Structures are given as C-alpha cells and as structure tokens.
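Visitor: data_26.cif is reproduced in full below (mmCIF, C-alpha atoms).
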data_final
loop_
_atom_site.label_atom_id
_atom_site.label_comp_id
_atom_site.auth_asym_id
_atom_site.auth_seq_id
_atom_site.Cartn_x
_atom_site.Cartn_y
_atom_site.Cartn_z
CA MET A 1 90.25 142.03 121.80
CA LYS A 2 88.19 143.12 118.86
CA LEU A 3 89.36 141.63 115.58
CA TYR A 4 88.46 142.19 111.97
CA LEU A 5 88.57 138.92 110.06
CA LYS A 6 88.79 138.51 106.30
CA ILE A 7 88.05 134.86 105.61
CA TRP A 8 88.03 132.95 102.33
CA ARG A 9 84.59 131.44 101.72
CA GLN A 10 84.03 128.91 98.95
CA LYS A 11 80.99 126.65 98.71
CA ASP A 12 82.79 123.81 96.90
CA ALA A 13 85.59 123.04 94.47
CA GLU A 14 83.50 124.13 91.48
CA THR A 15 82.23 127.43 92.89
CA LYS A 16 84.18 130.67 92.76
CA GLY A 17 85.23 131.81 96.24
CA GLN A 18 85.63 135.23 97.81
CA ILE A 19 86.89 137.00 100.92
CA VAL A 20 84.11 137.71 103.44
CA ASP A 21 84.49 140.22 106.29
CA TYR A 22 83.60 139.38 109.90
CA THR A 23 84.02 141.31 113.16
CA LEU A 24 84.66 139.32 116.34
CA ASP A 25 84.65 140.84 119.81
CA GLY A 26 85.75 139.44 123.16
CA VAL A 27 88.73 137.44 121.92
CA GLU A 28 91.16 136.58 124.72
CA GLY A 29 94.91 136.27 124.34
CA ASP A 30 94.98 132.78 125.85
CA MET A 31 92.66 131.41 123.19
CA SER A 32 94.13 129.34 120.41
CA PHE A 33 93.54 130.45 116.84
CA LEU A 34 91.13 127.56 116.28
CA GLU A 35 89.22 128.41 119.46
CA MET A 36 88.77 131.89 118.05
CA LEU A 37 87.31 130.36 114.88
CA ASP A 38 85.07 128.13 117.02
CA ILE A 39 83.64 131.23 118.71
CA LEU A 40 83.09 132.89 115.33
CA ASN A 41 81.24 129.80 114.13
CA GLU A 42 79.06 129.73 117.24
CA GLU A 43 78.01 133.31 116.48
CA LEU A 44 77.34 132.49 112.82
CA VAL A 45 75.25 129.43 113.70
CA SER A 46 73.27 131.39 116.27
CA LYS A 47 72.39 133.88 113.52
CA GLY A 48 71.39 131.09 111.13
CA GLU A 49 74.44 131.58 108.92
CA GLU A 50 76.75 128.94 107.46
CA PRO A 51 79.79 128.30 109.71
CA VAL A 52 83.32 128.57 108.35
CA GLU A 53 84.64 125.13 107.44
CA PHE A 54 88.22 124.42 108.52
CA ASP A 55 90.30 121.30 109.09
CA HIS A 56 91.44 120.16 112.54
CA ASP A 57 91.90 117.00 114.56
CA CYS A 58 94.42 116.61 117.39
CA ARG A 59 94.86 120.31 118.25
CA GLU A 60 98.28 119.35 119.64
CA GLY A 61 100.54 120.08 116.65
CA ILE A 62 100.82 116.42 115.68
CA CYS A 63 98.35 115.57 112.93
CA GLY A 64 99.05 118.42 110.49
CA THR A 65 95.43 118.92 109.44
CA CYS A 66 94.92 122.46 110.80
CA SER A 67 96.70 124.17 107.94
CA LEU A 68 95.71 127.79 107.35
CA GLN A 69 97.33 130.72 105.59
CA ILE A 70 97.18 133.56 108.14
CA ASN A 71 98.13 137.03 106.95
CA GLY A 72 100.05 135.42 104.11
CA GLU A 73 102.03 133.01 106.29
CA PRO A 74 101.42 129.27 106.62
CA HIS A 75 100.35 128.65 110.24
CA GLY A 76 100.61 132.35 111.03
CA PRO A 77 103.24 134.70 112.50
CA ASP A 78 104.82 132.36 115.05
CA ARG A 79 107.57 129.82 114.27
CA LEU A 80 107.86 126.05 114.79
CA ILE A 81 104.15 125.68 115.55
CA THR A 82 101.01 124.60 113.72
CA THR A 83 97.86 126.71 113.44
CA CYS A 84 96.27 124.94 116.41
CA GLN A 85 99.25 125.93 118.59
CA LEU A 86 99.04 129.59 117.59
CA HIS A 87 97.60 131.75 120.37
CA MET A 88 95.73 135.00 119.98
CA ARG A 89 98.30 136.82 122.13
CA LYS A 90 100.28 137.08 118.90
CA PHE A 91 97.70 139.60 117.69
CA ASN A 92 96.59 142.99 118.97
CA ASP A 93 93.26 144.63 119.60
CA GLY A 94 91.91 146.06 116.34
CA ASP A 95 94.04 143.85 114.09
CA THR A 96 92.81 142.72 110.70
CA ILE A 97 93.53 139.04 110.08
CA VAL A 98 93.31 137.51 106.61
CA ILE A 99 92.60 133.77 106.73
CA GLU A 100 92.90 131.67 103.59
CA PRO A 101 93.42 128.02 102.63
CA PHE A 102 96.83 126.81 101.48
CA ARG A 103 97.24 127.76 97.82
CA ALA A 104 98.62 125.19 95.37
CA LYS A 105 97.41 123.47 92.22
CA ALA A 106 97.97 120.12 93.94
CA PHE A 107 95.90 121.27 96.97
CA PRO A 108 92.46 121.99 95.48
CA VAL A 109 89.95 123.69 97.77
CA ILE A 110 87.17 121.40 99.04
CA LYS A 111 85.23 124.04 100.95
CA ASP A 112 86.14 127.35 102.60
CA LEU A 113 89.50 126.76 104.33
CA ILE A 114 89.71 123.00 103.70
CA VAL A 115 91.98 121.72 100.94
CA ASP A 116 92.51 118.24 99.52
CA ARG A 117 96.04 117.11 100.43
CA SER A 118 95.63 113.52 99.25
CA SER A 119 98.46 114.24 96.80
CA PHE A 120 100.80 113.85 99.78
CA ASP A 121 99.25 110.46 100.53
CA ARG A 122 99.90 109.30 96.97
CA ILE A 123 103.55 110.40 97.15
CA GLN A 124 103.89 108.43 100.38
CA GLN A 125 102.18 105.39 98.87
CA ALA A 126 104.57 105.49 95.91
CA GLY A 127 107.52 104.53 98.09
CA GLY A 128 107.47 105.93 101.61
CA PHE A 129 107.63 102.56 103.32
CA ILE A 130 109.87 99.53 103.85
CA SER A 131 109.04 95.89 103.12
CA VAL A 132 109.48 93.75 106.22
CA ASN A 133 110.21 90.03 106.32
CA THR A 134 107.48 88.41 108.42
CA SER A 135 108.34 84.80 107.54
CA GLY A 136 109.35 83.94 111.09
CA ASN A 137 113.06 84.60 110.53
CA THR A 138 112.85 88.25 111.42
CA VAL A 139 115.68 90.33 112.85
CA ASP A 140 114.88 92.73 115.65
CA ALA A 141 115.45 96.26 114.38
CA ASN A 142 116.99 97.19 117.72
CA ALA A 143 119.73 94.63 117.09
CA ILE A 144 121.05 96.55 114.05
CA PRO A 145 123.76 99.06 115.05
CA ILE A 146 123.07 102.55 113.70
CA PRO A 147 125.37 105.54 114.24
CA LYS A 148 123.70 108.06 116.55
CA GLU A 149 124.16 110.92 114.08
CA ASP A 150 122.30 108.95 111.39
CA ALA A 151 119.57 107.92 113.82
CA ASP A 152 119.10 111.53 114.95
CA LYS A 153 118.88 112.83 111.37
CA ALA A 154 116.40 110.09 110.44
CA MET A 155 114.27 110.96 113.46
CA ASP A 156 114.40 114.67 112.58
CA ALA A 157 113.17 113.87 109.06
CA ALA A 158 110.46 111.58 110.43
CA THR A 159 108.96 114.42 112.46
CA CYS A 160 107.36 115.76 109.25
CA ILE A 161 103.57 115.79 109.80
CA GLY A 162 102.61 116.37 106.17
CA CYS A 163 100.77 119.62 106.86
CA GLY A 164 101.74 121.22 103.54
CA ALA A 165 103.20 124.45 104.92
CA CYS A 166 106.29 123.92 102.78
CA VAL A 167 104.13 123.88 99.65
CA ALA A 168 102.10 126.92 100.72
CA ALA A 169 105.26 128.90 101.52
CA CYS A 170 107.02 128.09 98.25
CA LYS A 171 106.64 130.44 95.28
CA ASN A 172 106.76 127.33 93.08
CA ALA A 173 104.38 125.27 95.26
CA SER A 174 107.13 122.69 95.57
CA ALA A 175 106.74 119.54 97.68
CA MET A 176 110.47 118.85 97.73
CA LEU A 177 110.82 119.36 101.50
CA PHE A 178 107.97 116.97 102.29
CA THR A 179 109.13 114.32 99.81
CA SER A 180 112.77 114.59 100.84
CA ALA A 181 111.85 114.17 104.51
CA LYS A 182 110.00 110.95 103.71
CA VAL A 183 112.92 109.74 101.58
CA SER A 184 115.54 110.73 104.17
CA GLN A 185 113.98 108.96 107.13
CA PHE A 186 114.62 105.66 105.31
CA ALA A 187 117.74 106.58 103.32
CA LEU A 188 119.64 107.20 106.56
CA LEU A 189 118.80 103.80 108.05
CA PRO A 190 119.94 100.28 107.05
CA GLN A 191 116.33 99.09 106.91
CA GLY A 192 115.70 101.49 104.04
CA GLN A 193 118.61 100.50 101.84
CA VAL A 194 117.04 97.51 100.08
CA GLU A 195 114.43 99.59 98.28
CA ALA A 196 116.31 102.90 98.30
CA ALA A 197 116.75 103.29 94.53
CA ASP A 198 113.15 102.42 93.67
CA ARG A 199 111.81 104.51 96.55
CA VAL A 200 113.37 107.81 95.57
CA GLN A 201 112.57 107.40 91.88
CA ASN A 202 108.94 106.44 92.51
CA MET A 203 108.30 109.20 95.04
CA VAL A 204 109.88 111.92 92.89
CA ARG A 205 107.92 110.69 89.87
CA GLN A 206 104.65 110.82 91.80
CA MET A 207 105.50 114.26 93.15
CA ASP A 208 105.88 115.53 89.60
CA LEU A 209 102.68 113.82 88.46
CA GLU A 210 100.73 115.58 91.21
CA GLY A 211 101.65 118.96 89.72
CA PHE A 212 103.99 120.31 92.39
CA GLY A 213 106.68 122.76 91.29
CA ASN A 214 110.43 122.35 91.58
CA CYS A 215 112.79 123.68 94.23
CA THR A 216 114.75 126.88 93.55
CA ASN A 217 116.48 127.03 96.94
CA THR A 218 114.56 130.00 98.33
CA GLY A 219 114.36 128.37 101.76
CA ALA A 220 110.87 129.59 102.68
CA CYS A 221 109.77 125.99 103.24
CA GLU A 222 112.24 125.42 106.08
CA VAL A 223 111.37 128.77 107.68
CA GLU A 224 107.62 128.02 107.74
CA CYS A 225 107.84 124.31 108.58
CA PRO A 226 106.30 123.76 112.04
CA LYS A 227 108.76 120.92 112.68
CA GLY A 228 111.86 122.69 111.37
CA ILE A 229 112.60 120.13 108.65
CA SER A 230 115.98 121.06 107.19
CA LEU A 231 116.82 121.85 103.56
CA GLU A 232 119.61 119.29 103.97
CA ASN A 233 116.97 116.67 103.27
CA ILE A 234 116.39 118.08 99.79
CA ALA A 235 120.11 117.87 99.07
CA ARG A 236 120.10 114.27 100.34
CA MET A 237 117.15 113.34 98.15
CA ASN A 238 118.86 114.88 95.12
CA ARG A 239 121.95 112.77 95.81
CA GLU A 240 119.82 109.65 96.28
CA TYR A 241 117.98 110.35 93.03
CA LEU A 242 121.19 110.98 91.09
CA SER A 243 122.70 107.78 92.43
CA ALA A 244 119.57 105.75 91.63
CA THR A 245 119.30 107.02 88.07
CA THR A 246 122.96 106.68 87.09
CA LYS A 247 123.63 103.14 88.29
CA GLY A 248 124.68 100.89 85.45
#
Output the structure of this file as structure tokens.

Guide:
Amino acid sequence: MKLYLKIWRQKDAETKGQIVDYTLDGVEGDMSFLEMLDILNEELVSKGEEPVEFDHDCREGICGTCSLQINGEPHGPDRLITTCQLHMRKFNDGDTIVIEPFRAKAFPVIKDLIVDRSSFDRIQQAGGFISVNTSGNTVDANAIPIPKEDADKAMDAATCIGCGACVAACKNASAMLFTSAKVSQFALLPQGQVEAADRVQNMVRQMDLEGFGNCTNTGACEVECPKGISLENIARMNREYLSATTKG
C-alpha cells in the first residue's frame, strides 16, 4: 500500500507544533500501525532527518503507552484494541492518515506524538491502593468470600490500562472513566472498604486539580476504551462520592 501520512511534529513542550506530510510506500496489511511508523522512521533516519517520536513498550495491548489519535479516533478505527494492536489491513491503498497525540490540557505534549500522562499517576497515588496489615497476623485474601458478580465487576474495572483514550475521546477531556475504574476495583471488594470514603474523595479531588473536565454522559469514553470499561463505573463512583461526602 501507498499511504499519505499527516503527522503532528513538535520539538518540545515550549515549541509550536505543526502537521508534516509524509508519503510511505510498500506498507503491508499484516503490519501493525507501530511497525508502519518504525518503517517511516527508518526512512527518515536514512535521509538524515529527525525520526517521529512516539510512545510504546509492550506492543501487546497491556501497558497503555502507545496512545495515538488516528484520523480523529483514539487508537484508530478498530474497537477494543490499542494502537499497537491496530493492523494496516484496516486502511486502503492511497489513504490519508492523520496521526496526532492525545489532546487534553492535563496531557501536555512532550515531543511529537508523546504526551505526559503523569496526571493519571497522581490520581492513582491519591488513593488507588489498599493498606495491608503485614504485622504477622494477616488474613489470606483468598479466604474472604466474595460474590462472583462483584469479583467479575471488580476484575472488569481493573483491566483499565491507563492509556488515556477516554480523555482523548471526551469533548470535555474528562478522566471520569479512568478514575471510576480505579475506584470501582476496590469499592466492589471487602479489602477496599476500610479506606473507601477517603479513597474516592482524594482521587476525585486530585482529578479536578489536574485540570480534567467533568462528565456529561456522552459515552464516547466507553466506545473508544480498548478494554471496554463500562460507564457503570462512573455511576458507581458518583454514588461512592455522594455517600462519602454526606456521612454525618
């Protein structure tokens, strides 16, 4: 395939960026999207030009680092996959592909297609954990009965990889789906009950401090989420927050 690429290039966070046009020939349908970018970079380096910087790590849809806006969609035209799992068979010979970083105030551009998503880390650090008794009188977690429905919902929430597609898809750049997934995975389990009230308040507070917008129930976040995280988690977090802030 011959493809026409329009890629966002930006030297650093302080420099104004722009879309730069590239033409790439010989792209095969079985290539992944990142392999296509690798080939482009090989050509650029061979010509003495600066390669396109983009984030990646596992290339297995697990780590969440390979987050790109492709033709206006987080992770591209396919569903329930990350950018690294997107294959070029989803495109046709002669297609024009616009490749940009995720856009959000809380995700500032570092360089080219790489954004700083440490805001997610700070939300997690604010309360996305449980305190465990390690005094020697511990109770095996497997010994605590948990209804299967609750365990399944907690596991579904825990599949969130923190890629930021929910933020990029949202017209308000809201992180409610991400934050609610991290709240829900503990709120549904007995191990998370001890710190439940503090957890939800601290994480929501940090989310607001990072500059994310609020949820207006558009649902684009769930549609674009590569792990299919449900909007039910946002409703659960809202209930948890209401309960935590109205206790006498």

Visitor: Report as an MDAnalysis selection string the full result of the PyMOL selection byres ((chain A and resi 233-247) around 9) when it is applied to this structure.

Guide: chainID A and resid 157 176:181 183:184 187 196:198 200:201 204 215 229:232 248

Visitor: What does the structure give for the distance between CA of Lys148 in chain A and CA of Leu189 in chain A, in Å to one decimal?

Guide: 10.7 Å

Visitor: Residues picked by the PyMOL selection byres ((chain A and resi 114) around 9) here, as an MDAnalysis selection string?

Guide: chainID A and resid 53:55 66:68 101:102 108:113 115:116

Visitor: Grab the CA of Asn142 in chain A to CA of Arg199 in chain A distance for me, in Å with one decimal place.

Guide: 23.0 Å

Visitor: The PyMOL selection byres ((chain A and resi 93) around 6) - which residues does that actually catch in the file I just gave you? List them as a ChimeraX atom specification.

Guide: /A:1-2,92,94-95

Visitor: So, counting all atoms listed in the file, which residue among A:Asn71, A:Asn214, A:Gln193, A:Gln185 is closest to Met155 in chain A?

Guide: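 So, comparing all the options, the nearest one is A:Gln185.
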
Visitor: With all atoms listed in the file as the basis for distance, which of A:Ala104, A:Leu44, A:Met31, A:Ile81 is at the shortest distance from Glu210 in chain A?

Guide: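 Smallest separation from Glu210 in chain A among the options: A:Ala104.
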
Visitor: Quick one: residues within 12 Å of range 224-226 of chain A, only C-alpha atoms, excluding same-chain residues fewer than 6 positions away - as a short mmCIF file (atom, residue, chain, number, x, y, z; two decimals) with C-alpha atoms, in the coordinates of the input?

Guide:
data_model
loop_
_atom_site.label_atom_id
_atom_site.label_comp_id
_atom_site.auth_asym_id
_atom_site.auth_seq_id
_atom_site.Cartn_x
_atom_site.Cartn_y
_atom_site.Cartn_z
CA GLU A 60 98.28 119.35 119.64
CA GLY A 61 100.54 120.08 116.65
CA ILE A 62 100.82 116.42 115.68
CA CYS A 63 98.35 115.57 112.93
CA GLY A 64 99.05 118.42 110.49
CA CYS A 66 94.92 122.46 110.80
CA SER A 67 96.70 124.17 107.94
CA LEU A 68 95.71 127.79 107.35
CA GLN A 69 97.33 130.72 105.59
CA ILE A 70 97.18 133.56 108.14
CA GLY A 72 100.05 135.42 104.11
CA GLU A 73 102.03 133.01 106.29
CA PRO A 74 101.42 129.27 106.62
CA HIS A 75 100.35 128.65 110.24
CA GLY A 76 100.61 132.35 111.03
CA PRO A 77 103.24 134.70 112.50
CA ASP A 78 104.82 132.36 115.05
CA ARG A 79 107.57 129.82 114.27
CA LEU A 80 107.86 126.05 114.79
CA ILE A 81 104.15 125.68 115.55
CA THR A 82 101.01 124.60 113.72
CA THR A 83 97.86 126.71 113.44
CA CYS A 84 96.27 124.94 116.41
CA GLN A 85 99.25 125.93 118.59
CA LEU A 86 99.04 129.59 117.59
CA ALA A 157 113.17 113.87 109.06
CA THR A 159 108.96 114.42 112.46
CA CYS A 160 107.36 115.76 109.25
CA ILE A 161 103.57 115.79 109.80
CA GLY A 162 102.61 116.37 106.17
CA CYS A 163 100.77 119.62 106.86
CA GLY A 164 101.74 121.22 103.54
CA ALA A 165 103.20 124.45 104.92
CA CYS A 166 106.29 123.92 102.78
CA VAL A 167 104.13 123.88 99.65
CA ALA A 168 102.10 126.92 100.72
CA ALA A 169 105.26 128.90 101.52
CA CYS A 170 107.02 128.09 98.25
CA ALA A 175 106.74 119.54 97.68
CA LEU A 177 110.82 119.36 101.50
CA PHE A 178 107.97 116.97 102.29
CA ALA A 181 111.85 114.17 104.51
CA THR A 218 114.56 130.00 98.33
#

Visitor: What does the distance between CA of Met207 in chain A and CA of Gln124 in chain A come to in Å, to one decimal place?

Guide: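 About the pair CA of Met207 in chain A and CA of Gln124 in chain A: they are 9.4 Å apart.
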